[in-house]
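Engineer: Below is one structure. I have some questions about it.
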Amino acid sequence: MTEVLVLVDHLDGAVRKTTHELLTIARRIGAPSAVFIGEGLEQATGTLAEHGAEKIYAIPSGDVTDYLVAPKAEALAQIIERTGPAAVLLPSSFEGKEIAARLAVKTGSGLVTDAVDVAVEEGRIITTQAVFAGSYTVRAAVTHGTPIIAVKPNSTAPQPVTGAAELVEVRVEVSEAAKAARIVDSKPREKTGRPELTEAAIVVAGGRGTNGDFGPVEELADLLGAAVGASRAAVDAGWYPHQFQIGQTGKTVSPQLYVAAGISGAIQHRAGMQTSKTVVAVNKDPDAPIFELADFGVVGDLFTVLPQAAQKLARS
Amino acid sequence: MKIVVCVKHVPDSQEERRFTPGDSTTDRADVPGLLSELDEYAVEAALKLKESGGGEVIVLTMGPEGAVEAVRKALQIGADSGVHVQDGTLRGSDAPATSLVLAEAIRKIAEDGEVDLVLAGMASTDGGMSVVPAMLAERLNLPQVTFASELSVDGGVARIRRDGDLATETIEARLPAVVSVTDQINEPRYPSFKGIMAAKKKPVRTWGLGDLGLDAGQAGSAGSWTRVESVTARPPREKGEVVTDEGDGGLRFADFLTARKFA
């Protein structure tokens with residue numbers, strides 16, 4: 001059966017949720033082969049097997065991880081050469097998309113980024129994307145080379161399926177050209193104890209209406225087991241770090257529930273959350289555009305509404 | 001330093017954006033367009049480098065007739081000259097094809113003097129793929145130094161801070177290099193009246209595929225490696241129930257969450 005390569009997204013062996021989704025999607029197309037680059041393989045093997053990896057190609061650290069993106073693209077290109085897979089799936093993160101980009105040019109292959117679904121229809125791989133702030137759904141297919149597809153988190157429910165997880169160690173040749181951009185320093189993100197924003201099932205976001213105090217937003221988020229997000233206004237004001245920014249110039253999220261507190265809902269913000277399944281808005285301004293796309297809205301002060309809601313939820 | 005900034009003319013996201021019926025390309029013809037907001041940060045970064053170290057800033061774009069407006073805007077902001085690659089056969093180009101055309105244009109720009117730095121925004125605001133800078137690095141065989149939230153160039157070395165998904169990294173590379181910047185990197189300046197007037201005299205070269213030594217089969221729909229199968233407008237979200245807080249707004253919110261099984 002043809003293989004489908006899945007680039008494992010991990011930090012020192014802690015595998016991220018998207019990888020499980022990619023393995024599940026890979027199984028629709030062929031036999032999932034995880035590609036693990038870097039440290040922590042032992043920690044990752046179990047979860048990769050439990051989500052259907054039939055093979056794990058292991059590439060150690062060193063040249064491949066000391067330089068930005070290019071060596072990982074070379075490594076994947078070499079594995080494509082060896083295995084002739086039906087497709088390559090990567091996470092649609094900054095790094096994932098850039099690896100996909102270079103891989104596409106190297107191998108003369110088409111690429112699709114930010115896919116929200118991947119299906120096989122009459123033997124062809126068809127991707128689905130939500131474009132123009134979610135106002136259009138596009139179905140596309142790669143017509144040249146090996147389909148390279150970067151998939152967004154929350155695209156599918158990961159299926160627990162046990163795979164053989166046969167370990168294959170791979171020696172990779174990294175060219176001098178790929179070592180041109182050196183990673184001099186790397187500081188892992190501080191763990192917030194909350195789910196990662198783009199992967200979370202629930203997001204509670206705060207905007208200008210918080211006036212810099214994210215207390216009620218964080219309190220509600222923690223009660224719901226949610227991630228915290230911020231509007232551009234809040235980030236520009238220095239109230240919350242940029243990595244939590246949702247919108248056209250920040251992150252795009254598509255959770256089951258999106259709570260917008262003190263966010264007016266300008267188009268740049270909507271671009272980042274328009275495809276959320278359920279939206280709740282809390283804003284003092286009854287004319288705030290966010291109410292147009294909310295499934296439920298409260299015109300009121302988030303400093304009263306959110307704590308009152310949190311209190312009731314905590315009691316039940 | 002000779003800096004090339006890649007920019008794009010995109011449909012205004014405040015207006016309705018749509019596809020051309022019949023060929024599923026982004027409708028760029030009858031739709032108000034402008035210089036992509038994220039490219040303004042790249043233009044600003046280029047101008048700051050020129051101001052501190054001297055050199056020239058050349059703005060490059062690929063697109064139909066109207067795309068030259070993006071170049072003009074960048075010239076008004078302060079760039080020195082522009083290049084507009086325009087050719088009917090470019091219609092429908094995917095990212096790999098676009099990067100091929102831009103790479104060849106950069107090579108041609110380098111014919112009269114080596115390019116030290118290729119700058120770009122982190123993504124276009126229409127396609128939003130974030131892949132062209134990486135592809136340019138691949139095609140031009142240059143270091144890729146991308147998603148910079150801080151940038152310095154010193155002694156022929158570009159150094160950036162990159163706020164990745166899992167870690168904050170410091171990346172370094174010798175020039176020449178391809179650098180992309182995020183909206184965190186600077187505050188783009190507005191064109192001054194003087195700048196707007198001066199821009200009218202700045203040269204803009206227009207090149208077709210033939211000028212770049214490419215043929216029709218290498219770009220446009222014909223040279224693209226993906227195909228759009230279908231485009232469907234999603235129905236706009238329906239406005240749901242909106243209540244005014246009269247002392248119980250939070251309780252009703254909590255009830256909504258419980259009823260929908262979020263809590």
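Residues are named by chain letter and number: chains run A, B, ... in the order of the structure tokens, numbers start at 1 in each chain, and ligands are numbered from 1 in the order shown.
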Can you pull out every residue within 10 Å of Ser231 (chain A), counting only C-alpha atoms, but drop anything in the same chain fewer than 6 positions away, and send it as a ChimeraX atom specification?
Structural biologist: /A:205-208,239-240,242,244-247,250,260-266,268-270,272
Engineer: Give me a file of those residues, with C-alpha atoms, as a PDB file, in the first residue's frame.
Structural biologist:
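Below you can see selection26.pdb, which holds the result:
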ATOM      1  CA  ALA A 205     -10.646  36.249  23.657  1.00  0.00           C
ATOM      2  CA  GLY A 206     -10.377  39.755  25.037  1.00  0.00           C
ATOM      3  CA  GLY A 207     -10.232  43.081  23.220  1.00  0.00           C
ATOM      4  CA  ARG A 208     -10.241  46.831  23.810  1.00  0.00           C
ATOM      5  CA  TRP A 239      -1.949  44.100  27.208  1.00  0.00           C
ATOM      6  CA  TYR A 240      -1.271  40.625  25.865  1.00  0.00           C
ATOM      7  CA  HIS A 242       1.528  38.860  20.109  1.00  0.00           C
ATOM      8  CA  PHE A 244      -2.117  35.243  21.304  1.00  0.00           C
ATOM      9  CA  GLN A 245      -3.296  37.669  18.639  1.00  0.00           C
ATOM     10  CA  ILE A 246      -6.235  36.498  16.574  1.00  0.00           C
ATOM     11  CA  GLY A 247      -6.961  38.026  13.213  1.00  0.00           C
ATOM     12  CA  GLY A 250      -2.151  37.017  13.828  1.00  0.00           C
ATOM     13  CA  ALA A 260     -15.355  37.429  22.151  1.00  0.00           C
ATOM     14  CA  ALA A 261     -15.284  39.718  25.185  1.00  0.00           C
ATOM     15  CA  GLY A 262     -14.917  43.458  24.617  1.00  0.00           C
ATOM     16  CA  ILE A 263     -14.094  42.895  20.943  1.00  0.00           C
ATOM     17  CA  SER A 264     -15.918  45.007  18.385  1.00  0.00           C
ATOM     18  CA  GLY A 265     -15.466  42.505  15.565  1.00  0.00           C
ATOM     19  CA  ALA A 266     -13.759  44.493  12.810  1.00  0.00           C
ATOM     20  CA  GLN A 268      -9.462  41.970  10.413  1.00  0.00           C
ATOM     21  CA  HIS A 269     -10.479  40.198  13.597  1.00  0.00           C
ATOM     22  CA  ARG A 270     -13.257  38.227  11.963  1.00  0.00           C
ATOM     23  CA  GLY A 272      -9.132  35.067  12.326  1.00  0.00           C
TER      24      GLY A 272
END
Engineer: Mind checking which residues fall within 10 Å of His144 (chain A), counting only C-alpha atoms, ignoring those fewer than 2 positions away in the same chain, and posting them as number ranges by chain?
Structural biologist: A: 104, 107-111, 141-142, 146-147; B: 223-227
Engineer: Kindly provide, as an MDAnalysis selection string, the residues of chain A having any atom no farther than 6 Å from an atom of chain B, counting only C-alpha atoms.
Structural biologist: chainID A and resid 98 101:102 110 135:144 180:189 292:300 305:306 308:309
Engineer: Record the distance separating CA of Trp207 (chain B) and CA of Gln86 (chain B), expressed in Å with one decimal.
Structural biologist: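 So the two atoms, CA of Trp207 (chain B) and CA of Gln86 (chain B), lie 6.1 Å apart.
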Engineer: My list of candidates is A:Val105, A:Leu76, A:Ala281, A:Gly52. Which is closest to Leu140 (chain B) when distances are computed with only C-alpha atoms?
Structural biologist: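 So, comparing all the options, the nearest one is A:Val105.
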Engineer: Once DSSP has gone over the backbone, tell me which residues of region 120-314 of chain A are in strand (DSSP E or B), as a PyMOL selection string.
Structural biologist: chain A and resi 120-121+124-131+136-142+148-151+161+166-169+182-188+202-206+227-230+245-246+251+257-261+278-283+296-299
Engineer: Quick one, how far is CA of Pro91 (chain A) from CA of Leu22 (chain A)?
Structural biologist: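 Result for CA of Pro91 (chain A) versus CA of Leu22 (chain A): 7.7 Å, one decimal.
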Engineer: With only C-alpha atoms as the counted atoms, please give the residues lying no more than 12 Å from Ser175 (chain A), apart from itself and same-chain residues fewer than 6 positions off, as a short mmCIF file (atom, residue, chain, number, x, y, z; two decimals) with N, CA and C atoms, in the first residue's frame.
Structural biologist:
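For reference, part_26.cif as written:
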data_model
loop_
_atom_site.label_atom_id
_atom_site.label_comp_id
_atom_site.auth_asym_id
_atom_site.auth_seq_id
_atom_site.Cartn_x
_atom_site.Cartn_y
_atom_site.Cartn_z
N ASP A 63 22.75 18.90 12.27
CA ASP A 63 22.61 19.85 11.15
C ASP A 63 21.14 20.13 10.83
N VAL A 64 20.31 19.11 10.92
CA VAL A 64 18.92 19.30 10.49
C VAL A 64 18.17 20.27 11.39
N TYR A 67 19.62 24.60 11.80
CA TYR A 67 19.44 25.61 10.77
C TYR A 67 17.97 25.71 10.40
N ALA A 70 15.32 24.91 5.95
CA ALA A 70 15.87 24.30 4.73
C ALA A 70 16.32 22.84 4.90
N PRO A 71 17.05 22.50 5.99
CA PRO A 71 17.45 21.09 6.12
C PRO A 71 16.27 20.14 6.27
N LYS A 72 15.21 20.57 6.96
CA LYS A 72 14.04 19.68 7.11
C LYS A 72 13.40 19.44 5.75
N ALA A 73 13.39 20.46 4.91
CA ALA A 73 12.84 20.28 3.56
C ALA A 73 13.71 19.31 2.77
N GLU A 74 15.03 19.42 2.94
CA GLU A 74 15.93 18.49 2.23
C GLU A 74 15.70 17.07 2.71
N ALA A 75 15.56 16.91 4.03
CA ALA A 75 15.35 15.58 4.59
C ALA A 75 14.08 14.95 4.02
N GLN A 78 14.45 13.87 0.47
CA GLN A 78 15.18 12.61 0.33
C GLN A 78 14.28 11.42 0.66
N ASN B 141 18.68 30.22 -4.15
CA ASN B 141 19.75 29.60 -3.37
C ASN B 141 20.33 30.59 -2.36
#
Engineer: Which residues are close to Thr47 (chain A), i.e. within 12 Å by only C-alpha atoms, leaving aside same-chain residues fewer than 6 positions away? Reply as a PyMOL selection string.
Structural biologist: chain A and resi 8+10+13-17+19-21+23+34+41+53+56+158-165
Engineer: From a DSSP calculation on the backbone, collect every residue of region 5-225 of chain A in helix (DSSP H, G or I) and output the set as an MDAnalysis selection string.
Structural biologist: chainID A and resid 17:29 41:50 63:66 70:83 94:107 177:179 208:210 215:224
